[in-house]
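Chemist: Mind having a look at this structure? Questions to follow.
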Amino acid sequence: MTQTAADSPARRQRAQIKERTLRTDQWWRYPLVTFIIFTAFLVYATWAIFDMDYFVSPYHAPFASPCLATSCPEEARLFGLAPFGDWYTWPPGILILGLPAGFRFTCYYYRKAYYRGFWLSPPACAVGEPHRKYTGESRFPLILQNVHRYFFYAAIVIGLILAYDAVLALVHKPGGLGTWILIANAILINLYTLSCHSCRHITAGRLTHFSRHPVRYKAWTVVSKLNAKHQELALVSMFSVMGADLYVRLVAKGIISFPFA
Ligand code: FES
């Protein structure tokens, strides 16, 4: 096999520059803020998964939805079902946590953000990283990031379930503040999901003639507009899901109890 210039050992070596960076701006702010925000989210998510005040009729905390265990209150069960038998006694949120978490963890935006904020690989553009080797995402374990496209399908289902929860809240408590918080969250979560790069590829990624597929072309143009805002939607939906989840739990605990809660 012929070796190309891009494959050559000389090409794979890093540039030999002594200075860590020649940048003079505050490049460290992005990775630092990312680190703080994502750490706060992880701490909150860990607490929420084990907190059992996830339902107060008609509100369902997003981190515990869908509720599929027999330990869930009957009203909280998705379509009244509890497919996991009595043997399952752990918090119900653990059953579904892997799907939204896997979707975000393998998201292109989040990968960029936590590679910079947590692994400093690299911390910013044109800033040297502390690691000696770089193999990209071409080897185990990072090659597993390619499963993102499959998490996308699971995220579609989770997004629909959150929308269903919001509709239930609207039907049973249209004047409740929690209802509108759940609706706003469901919209943002679904916009984030639809703005996914995998979604854009699915709509029309392999077409060579847009003119022969007008519906898919239309879908692609809509998704492409959302995709341009993917980073913003990733962050805003992260805050919205955390805020909605916390709100429901505070109502369930009786900490928030005003009449229109
Ligand atoms: Fe971010 Fe798919 S690329 S959710």
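Scheme for the structure tokens: letters A, B, ... for chains in order shown; per-chain residue numbers from 1; ligand numbers from 1 in order shown.
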Please give the complete set of residues from stretch 12-182 of chain A that DSSP, run on the backbone, assigns to strand (DSSP E), formatted as number ranges by chain.
Modeler: A: 55-56, 59-60
Chemist: Would you mind exporting N, CA and C atoms of the selected residues as a compact mmCIF listing (two decimals), in the first residue's frame?
Modeler:
# COMPACT_ATOMS: atom_id res chain seq x y z
N PHE A 55 -41.70 12.69 41.78
CA PHE A 55 -43.03 12.81 41.20
C PHE A 55 -43.98 13.46 42.20
N VAL A 56 -44.71 14.47 41.70
CA VAL A 56 -45.81 15.04 42.47
C VAL A 56 -46.88 15.37 41.43
N TYR A 59 -46.76 16.44 37.99
CA TYR A 59 -45.40 16.74 37.51
C TYR A 59 -44.47 15.54 37.68
N HIS A 60 -43.68 15.33 36.66
CA HIS A 60 -42.71 14.23 36.69
C HIS A 60 -41.33 14.82 36.42
Chemist: Can I get the residues close to ligand 1 as a PDB file with N, CA and C atoms, in the first residue's frame, where close means within 6 Å and we count only C-alpha atoms and all ligand atoms?
Modeler:
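Here's the written file part-v5.pdb:
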ATOM      1  N   CYS A 107     -22.109  13.464  22.162  1.00  0.00           N
ATOM      2  CA  CYS A 107     -22.467  14.600  21.292  1.00  0.00           C
ATOM      3  C   CYS A 107     -21.198  15.329  20.826  1.00  0.00           C
ATOM      4  N   TYR A 108     -21.190  15.763  19.568  1.00  0.00           N
ATOM      5  CA  TYR A 108     -19.997  16.434  19.030  1.00  0.00           C
ATOM      6  C   TYR A 108     -19.662  17.687  19.833  1.00  0.00           C
ATOM      7  N   TYR A 109     -20.682  18.436  20.200  1.00  0.00           N
ATOM      8  CA  TYR A 109     -20.398  19.653  20.971  1.00  0.00           C
ATOM      9  C   TYR A 109     -19.785  19.312  22.325  1.00  0.00           C
ATOM     10  N   THR A 193     -32.241  17.789  20.339  1.00  0.00           N
ATOM     11  CA  THR A 193     -32.152  16.477  19.691  1.00  0.00           C
ATOM     12  C   THR A 193     -32.221  16.631  18.170  1.00  0.00           C
ATOM     13  N   CYS A 196     -29.119  17.759  16.209  1.00  0.00           N
ATOM     14  CA  CYS A 196     -27.975  16.835  16.228  1.00  0.00           C
ATOM     15  C   CYS A 196     -27.392  16.652  14.822  1.00  0.00           C
ATOM     16  N   HIS A 197     -26.090  16.525  14.750  1.00  0.00           N
ATOM     17  CA  HIS A 197     -25.428  16.296  13.463  1.00  0.00           C
ATOM     18  C   HIS A 197     -25.882  14.975  12.828  1.00  0.00           C
ATOM     19  N   SER A 198     -26.159  13.980  13.672  1.00  0.00           N
ATOM     20  CA  SER A 198     -26.639  12.703  13.126  1.00  0.00           C
ATOM     21  C   SER A 198     -28.005  12.885  12.478  1.00  0.00           C
TER      22      SER A 198
END
Chemist: Using DSSP on the backbone coordinates, identify all residues within stretch 57-243 of chain A classified as helix (DSSP H, G or I); present the result as a PyMOL selection string.
Modeler: chain A and resi 62-64+74-76+78-80+93-105+108-117+142-172+177-194+197-204+210-212+214-227+230-243
Chemist: Measuring atom to atom with only C-alpha atoms, identify which of A:Val222, A:Ala234, A:Ala244, A:Ala40 is nearest to A:Ile183.
Modeler: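 The shortest atom-to-atom distance to A:Ile183 comes from A:Ala244.
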Chemist: When you look at A:Ser71 with a cut-off of 8 Å (counting only C-alpha atoms), what residues show up, excluding the ones that are within fewer than 4 positions of it in the same chain? I need them as a list in words.
Modeler: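 Once the nearby chain positions are removed, what remains is Asp86, Thr89 and Pro92 of chain A.
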Chemist: Could you check which of A:Tyr192, A:Trp87, A:Tyr150, A:Phe35 is closest to A:Tyr114, using only C-alpha atoms?
Modeler: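 That would be A:Phe35, the residue with the smallest distance to A:Tyr114.
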Chemist: Considering only C-alpha atoms, state which residue in the set A:Phe210, A:Trp27, A:Phe151, A:Tyr164 is at the smallest distance from A:Val127.
Modeler: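 Going through A:Phe210, A:Trp27, A:Phe151, A:Tyr164 one by one, the smallest distance to A:Val127 is for A:Trp27.
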Chemist: When you look at A:Phe152 with a cut-off of 12 Å (counting only C-alpha atoms), what residues show up, excluding the ones that are within fewer than 6 positions of it in the same chain? I need them as a JSON list (two decimals) with C-alpha atoms, in the first residue's frame.
Modeler:
[["chain", "number", "residue", "atom", "x", "y", "z"],
["A", 99, "LEU", "CA", -29.75, 6.93, 27.23],
["A", 100, "PRO", "CA", -29.80, 10.72, 27.69],
["A", 101, "ALA", "CA", -26.39, 10.61, 29.37],
["A", 102, "GLY", "CA", -24.92, 8.59, 26.49],
["A", 103, "PHE", "CA", -26.46, 10.96, 23.97],
["A", 104, "ARG", "CA", -24.91, 14.00, 25.59],
["A", 105, "PHE", "CA", -21.62, 12.33, 26.40],
["A", 106, "THR", "CA", -21.06, 11.36, 22.75],
["A", 107, "CYS", "CA", -22.47, 14.60, 21.29],
["A", 108, "TYR", "CA", -20.00, 16.43, 19.03],
["A", 146, "ASN", "CA", -19.21, 6.60, 17.00],
["A", 158, "ILE", "CA", -36.85, 10.26, 25.48],
["A", 159, "GLY", "CA", -37.73, 13.66, 23.97],
["A", 190, "ASN", "CA", -36.47, 18.22, 21.42],
["A", 192, "TYR", "CA", -31.48, 20.05, 20.87],
["A", 193, "THR", "CA", -32.15, 16.48, 19.69],
["A", 194, "LEU", "CA", -33.31, 17.61, 16.24],
["A", 195, "SER", "CA", -30.28, 19.87, 15.89],
["A", 196, "CYS", "CA", -27.98, 16.83, 16.23],
["A", 197, "HIS", "CA", -25.43, 16.30, 13.46],
["A", 198, "SER", "CA", -26.64, 12.70, 13.13],
["A", 199, "CYS", "CA", -30.17, 13.96, 12.55],
["A", 200, "ARG", "CA", -28.93, 16.26, 9.79],
["A", 201, "HIS", "CA", -27.13, 13.35, 8.18],
["A", 202, "ILE", "CA", -30.19, 11.10, 8.44]]
Chemist: Have a look at A:Gly136, A:Ala204, A:Arg77, A:Ala82 and name the one nearest to A:Pro122; count only C-alpha atoms.
Modeler: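 Looking only at the distances to A:Pro122, the closest residue turns out to be A:Gly136.
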